[in-house]
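What follows is data19.cif (mmCIF, C-alpha atoms and all ligand atoms).
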```cif
data_upload
#
loop_
_atom_site.label_atom_id
_atom_site.label_comp_id
_atom_site.auth_asym_id
_atom_site.auth_seq_id
_atom_site.Cartn_x
_atom_site.Cartn_y
_atom_site.Cartn_z
CA MET A 78 25.35 -129.58 54.07
CA LYS A 79 26.00 -129.83 57.82
CA VAL A 80 29.42 -128.54 58.90
CA ASN A 81 31.45 -130.25 61.63
CA PRO A 82 34.18 -127.86 62.88
CA GLU A 83 35.86 -130.75 64.74
CA LEU A 84 36.20 -132.88 61.59
CA ILE A 85 39.86 -132.19 60.77
CA ASP A 86 40.90 -132.86 64.37
CA GLU A 87 38.91 -136.09 64.27
CA ILE A 88 40.65 -137.19 61.03
CA LYS A 89 44.04 -136.36 62.55
CA LYS A 90 43.38 -138.98 65.23
CA TYR A 91 43.76 -141.55 62.42
CA GLY A 92 47.12 -140.14 61.17
CA ALA A 93 47.65 -137.10 58.89
CA PHE A 94 49.28 -135.08 61.67
CA ASP A 95 50.84 -132.54 59.25
CA ILE A 96 47.79 -131.77 57.12
CA SER A 97 47.13 -128.39 58.80
CA ALA A 98 50.18 -127.06 56.90
CA CYS A 99 48.27 -127.41 53.61
CA PHE A 100 47.60 -124.08 51.87
CA ASN A 101 45.38 -125.58 49.18
CA CYS A 102 47.70 -125.01 46.20
CA GLY A 103 46.48 -128.13 44.34
CA ASN A 104 49.94 -129.40 43.42
CA CYS A 105 49.13 -132.82 44.95
CA THR A 106 46.12 -133.33 42.68
CA ALA A 107 48.12 -132.18 39.66
CA VAL A 108 50.88 -134.75 40.25
CA CYS A 109 48.64 -137.63 41.40
CA PRO A 110 48.68 -140.22 38.59
CA LEU A 111 45.46 -141.85 39.81
CA SER A 112 43.37 -138.70 40.22
CA LYS A 113 40.81 -138.25 37.42
CA GLU A 114 38.41 -135.52 36.41
CA ASP A 115 35.42 -137.43 37.78
CA ALA A 116 37.29 -138.63 40.89
CA SER A 117 39.69 -135.87 41.79
CA PHE A 118 41.90 -136.12 44.89
CA PRO A 119 43.57 -135.44 47.28
CA ARG A 120 43.19 -131.60 47.40
CA LYS A 121 39.37 -131.59 47.36
CA LEU A 122 39.23 -134.03 50.26
CA ILE A 123 41.81 -132.06 52.23
CA ARG A 124 39.71 -128.94 51.73
CA ALA A 125 36.53 -130.82 52.72
CA GLY A 126 38.25 -131.99 55.90
CA HIS A 127 39.42 -128.49 56.77
CA VAL A 128 36.01 -126.86 56.29
CA GLY A 129 34.22 -129.68 58.14
CA MET A 130 32.17 -131.18 55.27
CA GLU A 131 31.58 -134.46 57.05
CA GLU A 132 29.10 -135.95 54.59
CA LYS A 133 31.48 -135.30 51.71
CA ILE A 134 34.18 -137.21 53.56
CA THR A 135 32.00 -140.11 54.74
CA SER A 136 30.55 -140.58 51.25
CA ALA A 137 33.96 -140.33 49.54
CA ILE A 138 35.21 -143.28 47.53
CA GLU A 139 38.36 -141.52 46.30
CA PRO A 140 40.48 -142.65 49.30
CA TRP A 141 40.07 -146.20 47.93
CA HIS A 142 41.39 -145.12 44.53
CA CYS A 143 44.65 -143.96 46.16
CA TYR A 144 47.39 -146.59 46.28
CA TYR A 145 49.79 -144.49 48.35
CA CYS A 146 52.48 -144.10 45.71
CA GLY A 147 53.51 -140.98 47.64
CA GLU A 148 54.14 -138.70 44.65
CA CYS A 149 51.88 -136.03 46.18
CA SER A 150 53.75 -136.10 49.51
CA ALA A 151 57.16 -136.00 47.83
CA THR A 152 56.27 -132.82 45.93
CA CYS A 153 54.04 -130.97 48.43
CA PRO A 154 55.62 -127.51 48.97
CA ARG A 155 54.36 -127.44 52.58
CA GLU A 156 55.32 -131.01 53.51
CA ALA A 157 51.70 -131.54 54.55
CA GLN A 158 51.90 -135.27 53.69
CA PRO A 159 48.74 -135.53 51.55
CA GLY A 160 49.46 -139.23 50.88
CA GLU A 161 49.34 -139.90 54.61
CA TYR A 162 46.12 -137.85 54.81
CA MET A 163 44.55 -140.25 52.26
CA MET A 164 45.76 -143.17 54.40
CA ALA A 165 44.20 -141.53 57.49
CA LEU A 166 40.94 -141.12 55.55
CA ARG A 167 40.93 -144.83 54.74
CA ARG A 168 41.27 -145.61 58.45
CA TYR A 169 38.57 -143.04 59.25
CA LEU A 170 36.23 -144.62 56.68
CA ILE A 171 36.89 -148.16 57.94
CA ALA A 172 35.92 -146.89 61.40
CA LYS A 173 32.74 -145.36 59.94
CA TYR A 174 31.75 -148.53 58.08
CA ASP A 175 32.45 -150.73 61.13
CA ILE A 176 29.18 -151.31 63.01
CA THR A 177 30.96 -152.60 66.13
CA GLY A 178 32.90 -149.34 66.67
CA LEU A 179 36.02 -151.38 67.51
CA SER A 180 38.07 -150.16 64.53
CA SER A 181 37.73 -146.59 65.75
CA ILE A 182 38.85 -147.54 69.28
CA PHE A 183 41.83 -149.51 67.94
CA TYR A 184 42.96 -146.85 65.47
CA LYS A 185 42.74 -144.06 68.03
CA ASN A 186 44.42 -145.95 70.84
CA GLY A 187 47.82 -146.78 69.35
CA TRP A 188 49.04 -150.09 70.70
CA LEU A 189 45.77 -151.27 72.35
CA GLN A 190 44.99 -153.72 69.53
CA THR A 191 48.53 -155.12 69.72
CA TRP A 192 48.29 -155.74 73.47
CA LEU A 193 44.90 -157.34 72.98
CA ALA A 194 46.32 -159.52 70.19
CA LEU A 195 49.17 -160.65 72.46
CA GLY A 196 46.71 -161.43 75.27
CA LEU A 197 44.43 -163.37 72.93
CA LEU A 198 47.37 -165.26 71.44
CA ALA A 199 48.53 -166.33 74.90
CA ALA A 200 44.96 -167.29 75.87
CA PHE A 201 44.26 -169.31 72.71
CA TYR A 202 47.64 -171.03 72.80
CA TRP A 203 47.03 -172.01 76.41
CA LEU A 204 43.49 -173.17 75.55
CA TYR A 205 44.63 -175.25 72.56
CA SER A 206 47.63 -176.64 74.46
CA SER A 207 45.35 -177.77 77.29
CA TYR A 208 42.98 -179.55 74.93
CA THR A 209 43.29 -183.26 75.55
CA GLY A 210 41.01 -184.52 72.76
CA ASP A 211 41.98 -185.03 69.12
CA PHE A 212 43.44 -181.61 68.26
CA GLY A 213 43.51 -182.40 64.53
CA VAL A 214 39.70 -182.70 64.55
CA LEU A 215 39.28 -179.54 66.65
CA ALA A 216 41.63 -177.59 64.32
CA GLY A 217 39.55 -178.70 61.33
CA ARG A 218 36.36 -177.34 62.95
CA ILE A 219 38.03 -174.07 63.93
CA GLU A 220 39.34 -173.58 60.41
CA LEU A 221 35.91 -174.24 58.91
CA ALA A 222 34.41 -171.56 61.19
CA PHE A 223 36.88 -168.90 59.94
CA PRO A 224 35.21 -168.17 56.56
CA VAL A 225 31.76 -167.93 58.19
CA TYR A 226 33.01 -165.31 60.66
CA VAL A 227 34.88 -163.34 57.99
CA THR A 228 31.87 -163.37 55.62
CA VAL A 229 29.56 -161.99 58.34
CA ALA A 230 32.09 -159.27 59.33
CA LEU A 231 32.78 -158.32 55.72
CA GLY A 232 29.07 -158.28 54.86
CA GLY A 233 28.47 -155.65 57.57
CA TYR A 234 31.27 -153.47 56.21
CA ILE A 235 30.12 -153.71 52.60
CA ILE A 236 26.50 -152.86 53.42
CA ASN A 237 27.64 -149.82 55.39
CA MET A 238 30.07 -148.66 52.70
CA TYR A 239 27.23 -148.90 50.16
CA ARG A 240 24.95 -146.94 52.49
CA TYR A 241 27.50 -144.13 52.94
CA ALA A 242 28.78 -144.00 49.35
CA ILE A 243 25.60 -144.64 47.35
CA VAL A 244 22.31 -144.75 49.28
CA LYS A 245 22.78 -141.56 51.31
CA PRO A 246 24.30 -139.25 48.66
CA LEU A 247 22.21 -140.56 45.74
CA GLY A 248 18.99 -140.90 47.73
CA GLY A 249 18.19 -144.53 47.05
CA ILE A 250 19.36 -148.00 46.20
CA LYS A 251 21.17 -147.82 42.88
CA ALA A 252 23.27 -150.27 40.94
CA SER A 253 25.05 -150.68 37.65
CA LEU A 254 23.91 -153.82 35.87
CA LYS A 255 26.36 -153.54 32.99
CA PRO A 256 28.34 -156.81 32.74
CA ALA A 257 31.48 -154.85 31.78
CA HIS A 258 31.37 -152.93 35.07
CA ILE A 259 30.78 -156.05 37.13
CA TYR A 260 33.60 -157.81 35.28
CA GLU A 261 35.93 -154.84 35.84
CA THR A 262 35.15 -154.93 39.57
CA PHE A 263 36.29 -158.55 39.76
CA VAL A 264 39.41 -157.84 37.71
CA HIS A 265 40.35 -155.03 40.12
CA GLY A 266 39.61 -157.32 43.06
CA PHE A 267 41.94 -160.06 41.87
CA THR A 268 44.73 -157.92 40.42
CA GLN A 269 44.52 -154.58 42.32
CA LYS A 270 45.75 -153.37 38.95
CA ASN A 271 45.67 -149.63 39.75
CA PHE A 272 48.70 -150.33 41.92
CA ASN A 273 50.72 -150.00 38.73
CA GLY A 274 49.02 -146.73 37.79
CA CYS A 275 51.65 -144.79 39.74
CA GLU A 276 54.07 -143.07 37.40
CA GLU A 277 57.16 -144.74 38.76
CA THR A 278 56.16 -148.29 39.57
CA ASP A 279 57.70 -149.34 42.87
CA TRP A 280 58.54 -152.91 41.88
CA THR A 281 59.81 -153.98 45.32
CA ARG A 282 56.55 -152.91 46.95
CA TRP A 283 54.46 -154.45 44.17
CA ILE A 284 56.31 -157.80 44.36
CA ALA A 285 56.15 -157.80 48.18
CA HIS A 286 52.38 -157.24 48.02
CA LEU A 287 52.00 -159.91 45.36
CA LEU A 288 53.97 -162.43 47.43
CA VAL A 289 52.03 -161.67 50.62
CA MET A 290 48.68 -161.73 48.82
CA SER A 291 49.32 -164.98 46.93
CA GLY A 292 50.89 -166.63 49.99
CA TYR A 293 48.01 -165.51 52.14
CA VAL A 294 45.30 -166.67 49.71
CA LEU A 295 47.01 -170.06 49.50
CA THR A 296 47.21 -170.23 53.30
CA LEU A 297 43.48 -169.48 53.42
CA LEU A 298 42.78 -172.27 50.94
CA ILE A 299 45.01 -174.72 52.82
CA SER A 300 43.35 -173.79 56.08
CA ASN A 301 39.70 -173.35 55.04
CA LEU A 302 39.64 -176.49 52.91
CA HIS A 303 41.53 -178.19 55.72
CA LEU A 304 44.05 -179.56 53.20
CA LEU A 305 46.68 -179.99 55.89
CA SER A 306 46.38 -182.57 58.68
CA PRO A 307 49.93 -182.57 60.06
CA LEU A 308 49.04 -184.60 63.16
CA ASP A 309 47.41 -187.39 61.14
CA LYS A 310 49.24 -187.58 57.79
CA HIS A 311 52.94 -187.76 56.97
CA TYR A 312 53.71 -185.63 53.91
CA THR A 313 56.63 -186.04 51.53
CA LEU A 314 58.88 -183.12 50.60
CA PHE A 315 57.37 -182.61 47.15
CA SER A 316 53.78 -183.81 47.59
CA PRO A 317 51.21 -181.36 46.09
CA VAL A 318 50.17 -180.13 49.55
CA SER A 319 53.83 -179.68 50.53
CA LEU A 320 54.49 -177.56 47.44
CA LEU A 321 51.52 -175.33 48.35
CA VAL A 322 52.73 -174.99 51.94
CA TRP A 323 56.36 -174.23 50.98
CA TYR A 324 55.24 -171.53 48.56
CA ALA A 325 52.64 -170.01 50.92
CA GLY A 326 54.99 -169.91 53.92
CA LEU A 327 58.01 -168.59 52.02
CA ALA A 328 55.97 -166.01 50.08
CA ILE A 329 54.52 -164.62 53.31
CA ILE A 330 57.91 -164.52 55.04
CA VAL A 331 59.81 -162.95 52.12
CA GLY A 332 57.00 -160.50 51.20
CA GLY A 333 56.20 -159.64 54.83
CA GLY A 334 59.92 -159.33 55.65
CA SER A 335 60.43 -156.92 52.78
CA MET A 336 57.43 -154.82 53.92
CA SER A 337 58.80 -154.72 57.48
CA LEU A 338 62.28 -153.65 56.33
CA ARG A 339 60.77 -150.82 54.29
CA ARG A 340 58.93 -149.64 57.38
CA VAL A 341 62.05 -149.92 59.56
CA PHE A 342 64.20 -147.95 57.10
CA LYS A 343 61.33 -145.69 55.91
CA SER A 344 62.68 -146.23 52.41
CA ALA A 345 59.60 -144.95 50.52
CA GLU A 346 56.90 -142.33 51.04
CA SER A 347 54.36 -145.09 51.69
CA SER A 348 56.42 -146.53 54.55
CA LYS A 349 57.51 -143.31 56.28
CA PHE A 350 54.59 -143.32 58.69
CA SER A 351 53.56 -146.52 60.44
CA HIS A 352 50.48 -146.92 62.58
CA PRO A 353 50.84 -149.64 65.26
CA SER A 354 48.21 -151.66 63.36
CA ASP A 355 50.58 -151.76 60.34
CA TRP A 356 53.19 -153.50 62.51
CA LEU A 357 50.61 -155.83 64.00
CA PHE A 358 49.56 -156.75 60.46
CA VAL A 359 53.03 -157.63 59.13
CA VAL A 360 54.27 -159.32 62.31
CA THR A 361 51.18 -161.55 62.56
CA MET A 362 51.47 -162.45 58.87
CA PHE A 363 55.10 -163.34 59.52
CA LEU A 364 54.12 -165.57 62.48
CA ILE A 365 51.48 -167.35 60.37
CA GLY A 366 54.02 -168.04 57.61
CA ALA A 367 56.79 -169.10 60.01
CA SER A 368 54.60 -171.41 62.12
CA LEU A 369 53.07 -172.96 58.99
CA LEU A 370 56.53 -173.69 57.58
CA ALA A 371 57.83 -175.01 60.91
CA THR A 372 54.81 -177.31 61.31
CA HIS A 373 55.26 -178.72 57.85
CA TYR A 374 59.03 -179.07 58.15
CA LEU A 375 58.64 -181.10 61.38
CA ASN A 376 56.01 -183.28 59.73
CA VAL A 377 58.05 -183.94 56.59
CA VAL A 378 61.31 -184.65 58.47
CA TYR A 379 60.09 -186.45 61.62
CA GLY A 380 56.60 -187.74 60.79
CA THR A 381 53.44 -187.16 62.80
CA SER A 382 54.63 -188.12 66.27
CA HIS A 383 57.36 -185.55 67.03
CA PRO A 384 56.32 -183.80 70.30
CA LEU A 385 57.35 -180.37 69.01
CA LEU A 386 55.12 -180.75 65.94
CA ASP A 387 52.01 -180.90 68.11
CA GLN A 388 52.96 -177.71 69.99
CA VAL A 389 53.99 -175.74 66.88
CA TYR A 390 50.75 -176.74 65.13
CA ARG A 391 48.67 -175.59 68.12
CA PHE A 392 50.59 -172.29 68.05
CA ASN A 393 49.91 -171.96 64.30
CA ILE A 394 46.16 -172.41 64.86
CA ALA A 395 46.28 -169.95 67.80
CA VAL A 396 47.93 -167.27 65.59
CA GLU A 397 45.39 -167.90 62.83
CA THR A 398 42.55 -167.55 65.35
CA VAL A 399 43.83 -164.15 66.53
CA TRP A 400 44.36 -163.10 62.91
CA ILE A 401 40.79 -163.95 61.94
CA LEU A 402 39.11 -162.61 65.10
CA LEU A 403 41.02 -159.40 65.68
CA ILE A 404 43.10 -158.43 62.67
CA VAL A 405 41.15 -159.28 59.52
CA PRO A 406 38.02 -157.29 60.47
CA PHE A 407 39.75 -154.32 62.10
CA THR A 408 42.81 -153.41 60.04
CA LYS A 409 43.68 -152.40 56.51
CA TRP A 410 43.43 -156.02 55.32
CA ILE A 411 39.89 -155.24 54.14
CA HIS A 412 41.25 -152.61 51.70
CA ILE A 413 41.42 -155.40 49.15
CA PHE A 414 37.61 -155.49 49.07
CA PHE A 415 36.96 -151.75 49.32
CA ARG A 416 39.22 -150.81 46.39
CA PRO A 417 37.37 -152.82 43.71
CA LEU A 418 34.02 -151.83 45.25
CA ALA A 419 35.02 -148.17 44.93
CA VAL A 420 35.63 -148.74 41.20
CA TYR A 421 32.13 -150.24 40.90
CA PHE A 422 30.53 -147.45 42.95
CA GLN A 423 32.18 -144.91 40.66
CA HIS A 424 30.32 -146.50 37.74
CA ILE A 425 27.04 -146.37 39.67
CA ARG A 426 27.55 -142.65 40.34
CA LYS A 427 28.25 -141.94 36.68
CA GLU A 428 25.18 -143.90 35.59
CA ALA A 429 23.06 -142.20 38.26
CA GLU A 430 24.19 -138.83 36.91
CA ALA A 431 23.22 -139.90 33.41
CA GLY A 432 19.92 -141.30 34.72
CA THR A 433 20.70 -144.83 33.52
CA ALA A 434 21.48 -146.57 36.83
CA PHE A 435 19.19 -149.30 38.10
CA THR A 436 17.20 -147.60 40.88
CA LEU A 437 15.09 -148.74 43.79
CA GLN A 438 13.83 -145.50 45.33
CA LEU A 439 13.65 -145.27 49.12
CA GLY A 440 11.10 -142.89 50.58
CA ASP A 441 13.21 -141.30 53.30
CA SER A 442 16.80 -142.25 52.68
CA LYS A 443 18.45 -138.82 52.80
S1 LIG B 1 48.69 -130.91 50.45
FE1 LIG B 1 50.46 -129.76 49.74
S2 LIG B 1 50.36 -129.93 47.52
FE2 LIG B 1 48.34 -130.51 48.29
S3 LIG B 1 47.12 -128.66 48.25
FE3 LIG B 1 48.04 -128.80 50.27
S4 LIG B 1 49.93 -127.64 50.18
FE4 LIG B 1 49.30 -128.04 48.07
S1 LIG B 2 49.65 -141.16 47.42
FE1 LIG B 2 49.78 -141.35 45.16
S2 LIG B 2 47.76 -142.13 44.57
FE2 LIG B 2 47.56 -141.33 46.65
S3 LIG B 2 46.89 -139.22 46.42
FE3 LIG B 2 49.10 -139.17 46.55
S4 LIG B 2 49.85 -139.22 44.45
FE4 LIG B 2 47.70 -139.88 44.43
#
```
Let me see the structure of the file written as structure tokens.
Ligand code: SF4
Ligand code: SF4
Amino acid sequence: MKVNPELIDEIKKYGAFDISACFNCGNCTAVCPLSKEDASFPRKLIRAGHVGMEEKITSAIEPWHCYYCGECSATCPREAQPGEYMMALRRYLIAKYDITGLSSIFYKNGWLQTWLALGLLAAFYWLYSSYTGDFGVLAGRIELAFPVYVTVALGGYIINMYRYAIVKPLGGIKASLKPAHIYETFVHGFTQKNFNGCEETDWTRWIAHLLVMSGYVLTLLISNLHLLSPLDKHYTLFSPVSLLVWYAGLAIIVGGGSMSLRRVFKSAESSKFSHPSDWLFVVTMFLIGASLLATHYLNVVYGTSHPLLDQVYRFNIAVETVWILLIVPFTKWIHIFFRPLAVYFQHIRKEAEAGTAFTLQLGDSK
């Protein structure tokens, strides 16, 4: 296996600044509630990083099994922050899977993505505010384009993750066709159930994630199905669409607010270290929730013709545009897809080892 002596310094550019203090005692793996015999972490990956085993790191799926409960960091005798190392590996892997190379630039250049997001927000808000046609119709078209863009971006990531985690190390295209494994992948995708595998369940964090996730999925549905036409229809306080909007907006604000407070007060291991992209993520979510609620409030109370409604709605669509273009494809948002895929890839590896995986051999894939 090729050795890259610069590897650990490269990983440190994604976080994990204290990992050089590690003296390889293995305590972190012993206390990690999610580490298993066939997917052991974090010590092995720390060692691989230190000795420069680049292929072992790029093909690793274990970082996606880690839910950053922080038990390893809390008990590390050298305060090497192994939990943060796993977080840095997830950023490193996202950068590897990303064919555009933008994730790497954003992760390594602190606040660059935030400045770009602010610039884009100002530009889109100006553009939408200057639009003199029927903005309701334009907003509908923009919202319908969102899922197409996200599907293309996500497709690129998934193909590359599969290439790094399965095709390269196993030497071909392999899959598990067992319905139970496919079913389990979907269950993990919808519930992220390993979150509760940590020994002491952090209920505040779990509830905050649940609120943000459910609020966000509802916002996506409202937006992508174009359920809301605030400039054309007057909604009542308790109409079905209103109930969806109230829940989505409040869930995002309460969940996102709780996440932000944890980061401000560094109240748990998982929130002690914040990358600028973590702030960009929660603040943009907050803006989406707040502008969605404000739009709907103005519609319900004043009807469709209030001048402020038009401006707030244009701002809401501008924030959503920046979110979809710049944040969804290049931040940790995509973890929610990589985690269940890692569970599925683990099954493929086990079946490949046993010689039972579905295989399509490639001549020169190694
Ligand atoms: S990170 Fe800490 S607990 Fe883990 S092997 Fe290194 S020194 Fe030991
Ligand atoms: S943060 Fe938690 S899940 Fe991740 S490696 Fe450490 S103990 Fe394991």
Nearby polymer residues, ligand LIG 1 (chain B), at most 6 Å, only C-alpha atoms and all ligand atoms, as a list in words: Cys99, Phe100, Asn101, Cys102, Gly103, Asn104, Cys105, Arg120, Cys153, Pro154, Arg155, Ala157 and Pro159 of chain A
Can you check which parts of chain A lie within 7 Å of ligand LIG 2 (chain B)? Per residue, the shortest pair of atoms and distance in Å to one decimal, counting only C-alpha atoms and all ligand atoms, sorted by chain and number, as JSON lines.
```
{"residue": "A:Cys105", "atom": "CA", "partner": "B:LIG2", "partner_atom": "S4", "distance": 6.5}
{"residue": "A:Thr106", "atom": "CA", "partner": "B:LIG2", "partner_atom": "FE4", "distance": 7.0}
{"residue": "A:Val108", "atom": "CA", "partner": "B:LIG2", "partner_atom": "S4", "distance": 6.2}
{"residue": "A:Cys109", "atom": "CA", "partner": "B:LIG2", "partner_atom": "S4", "distance": 3.6}
{"residue": "A:Pro110", "atom": "CA", "partner": "B:LIG2", "partner_atom": "FE4", "distance": 5.9}
{"residue": "A:Leu111", "atom": "CA", "partner": "B:LIG2", "partner_atom": "S2", "distance": 5.3}
{"residue": "A:Ser112", "atom": "CA", "partner": "B:LIG2", "partner_atom": "FE4", "distance": 6.2}
{"residue": "A:Phe118", "atom": "CA", "partner": "B:LIG2", "partner_atom": "S3", "distance": 6.1}
{"residue": "A:Pro119", "atom": "CA", "partner": "B:LIG2", "partner_atom": "S3", "distance": 5.1}
{"residue": "A:Cys143", "atom": "CA", "partner": "B:LIG2", "partner_atom": "S2", "distance": 3.9}
{"residue": "A:Tyr144", "atom": "CA", "partner": "B:LIG2", "partner_atom": "S2", "distance": 4.8}
{"residue": "A:Tyr145", "atom": "CA", "partner": "B:LIG2", "partner_atom": "S1", "distance": 3.5}
{"residue": "A:Cys146", "atom": "CA", "partner": "B:LIG2", "partner_atom": "FE1", "distance": 3.9}
{"residue": "A:Gly147", "atom": "CA", "partner": "B:LIG2", "partner_atom": "S1", "distance": 3.9}
{"residue": "A:Glu148", "atom": "CA", "partner": "B:LIG2", "partner_atom": "S4", "distance": 4.3}
{"residue": "A:Cys149", "atom": "CA", "partner": "B:LIG2", "partner_atom": "S4", "distance": 4.2}
{"residue": "A:Ser150", "atom": "CA", "partner": "B:LIG2", "partner_atom": "FE3", "distance": 6.3}
{"residue": "A:Pro159", "atom": "CA", "partner": "B:LIG2", "partner_atom": "FE3", "distance": 6.2}
{"residue": "A:Gly160", "atom": "CA", "partner": "B:LIG2", "partner_atom": "S1", "distance": 4.0}
{"residue": "A:Met163", "atom": "CA", "partner": "B:LIG2", "partner_atom": "S3", "distance": 6.4}
{"residue": "A:Cys275", "atom": "CA", "partner": "B:LIG2", "partner_atom": "FE1", "distance": 6.7}
```
Please list as a ChimeraX atom specification every residue within 8 Å of Gly126 in chain A, counting only C-alpha atoms and excluding residues in the same chain fewer than 4 positions away. /A:84-85,88,122,130-131,134
Within 12 Å of range 352-358 of chain A, which residues of range 190-304 of chain A come that close, and what is the closest atom pair and distance in Å for each? Count only C-alpha atoms and give it as a Markdown table.
```
| residue | atom | partner | partner_atom | distance |
| --- | --- | --- | --- | --- |
| A:Gln190 | CA | A:Ser354 | CA | 7.3 |
| A:Thr191 | CA | A:Leu357 | CA | 6.1 |
| A:Trp192 | CA | A:Leu357 | CA | 9.8 |
| A:Leu193 | CA | A:Leu357 | CA | 10.7 |
| A:Ala194 | CA | A:Leu357 | CA | 8.4 |
| A:Leu195 | CA | A:Leu357 | CA | 9.8 |
| A:Val289 | CA | A:Phe358 | CA | 11.3 |
```
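Note that the spacing between CA of Gly432 in chain A and CA of Val244 in chain A amounts to 15.2 Å.
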Separation of CA of Leu402 in chain A from CA of Ala222 in chain A, in Å and rounded to one decimal: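 Rounded to one decimal, the two atoms are 10.8 Å apart.
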Do you have the CA of Tyr421 in chain A-CA of Glu139 in chain A distance handy?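 Between CA of Tyr421 in chain A and CA of Glu139 in chain A the gap is 12.0 Å.
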So for range 146-158 of chain A, what box centre and size do we get, axis-aligned, 5 Å extra on each of the six sides, every listed atom, Å to one decimal, as AutoDock Vina command-line options?
```
--center_x 54.4 --center_y -135.8 --center_z 49.6 --size_x 15.5 --size_y 26.7 --size_z 19.9
```
Of the residues A:Ile243, A:Ala252, A:Ile365, A:Ala230, which is the one nearest to Val405 in chain A, using only C-alpha atoms? A:Ala230
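Comparing A:Pro256, A:Phe263, A:Ser337, A:Leu369 by their smallest distance to Leu295 in chain A, the closest is A:Leu369 (using all atoms listed in the file).
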Taking 4 positions as the minimum chain separation for residues in the same chain, which residues sit within 12 Å of Ile219 in chain A when counting all atoms listed in the file? Answer as a list in words.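 Non-adjacent residues within range: Phe201, Tyr205, Phe212, Gly213, Val214, Leu215, Phe223, Pro224, Val225, Tyr226, Ser300, Asn301, Leu302, His303, Arg391, Ile394, Ala395, Glu397, Thr398, Val399, Ile401 and Leu402 of chain A.
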For the interface of range 213-288 of chain A with range 170-180 of chain A (cut-off 10 Å, counting all atoms listed in the file), please tabulate each contacting residue of range 213-288 of chain A alongside its nearest pair of atoms and their separation in Å to one decimal, rows sorted by chain and increasing number, as CSV.
```
residue,atom,partner,partner_atom,distance
A:Ala230,CA,A:Asp175,CA,8.7
A:Leu231,CA,A:Asp175,CA,9.3
A:Gly233,CA,A:Ile176,CA,7.0
A:Tyr234,CA,A:Tyr174,CA,5.3
A:Ile235,CA,A:Tyr174,CA,7.7
A:Ile236,CA,A:Tyr174,CA,8.2
A:Asn237,CA,A:Tyr174,CA,5.1
A:Met238,CA,A:Tyr174,CA,5.6
A:Tyr239,CA,A:Tyr174,CA,9.1
A:Arg240,CA,A:Tyr174,CA,8.9
A:Tyr241,CA,A:Tyr174,CA,8.0
```
Compile the contact shell of range 318-335 of chain A as number ranges by chain: residues with an atom at most 7 Å away, counting all atoms listed in the file, same-chain residues fewer than 5 positions apart removed. A: 285-286, 288-289, 292-293, 295-296, 312, 359, 362-363, 366-367, 369-370
Show me, as a ChimeraX atom specification, the residues that have an atom within 9 Å of Asp387 in chain A when counting all atoms listed in the file, minus same-chain residues fewer than 6 positions from it. /A:206,212,307-308,372,381
Need the shell around Lys90 in chain A: protein/DNA/RNA residues with any atom at most 10 Å away, counting all atoms listed in the file. Skip same-chain ones fewer than 6 positions apart. Format as a PyMOL selection string? chain A and resi 165+168-169+181+184-187
Go ahead and save the residues from that selection, with C-alpha atoms, as a PDB file, keeping the file's coordinate frame.
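The file below, part.pdb, is the result:
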```pdb
ATOM      1  CA  ALA A 165      44.200-141.530  57.490  1.00  0.00           C
ATOM      2  CA  ARG A 168      41.270-145.610  58.450  1.00  0.00           C
ATOM      3  CA  TYR A 169      38.570-143.040  59.250  1.00  0.00           C
ATOM      4  CA  SER A 181      37.730-146.590  65.750  1.00  0.00           C
ATOM      5  CA  TYR A 184      42.960-146.850  65.470  1.00  0.00           C
ATOM      6  CA  LYS A 185      42.740-144.060  68.030  1.00  0.00           C
ATOM      7  CA  ASN A 186      44.420-145.950  70.840  1.00  0.00           C
ATOM      8  CA  GLY A 187      47.820-146.780  69.350  1.00  0.00           C
TER       9      GLY A 187
END
```
For Val378 in chain A, the nearest of the candidates A:Ala257, A:Leu314, A:Leu338, A:Ile284, counting only C-alpha atoms: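 Among the listed residues, A:Leu314 lies closest to Val378 in chain A.
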Using all atoms listed in the file for the distances, tell me which of A:Asn376, A:Thr313, A:Gln423, A:Thr209 is nearest to Tyr390 in chain A.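 Going through A:Asn376, A:Thr313, A:Gln423, A:Thr209 one by one, the smallest distance to Tyr390 in chain A is for A:Asn376.
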From the options A:Val80, A:Val396, A:Ala345, A:Val389, which residue's atoms come nearest to Val360 in chain A, counting only C-alpha atoms?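 Of the candidates, the smallest distance to Val360 in chain A is held by A:Val396.
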Could you tell me which of A:Asn271, A:Ser291, A:Ser253, A:Ser382 comes closest to His424 in chain A if we count only C-alpha atoms? A:Ser253
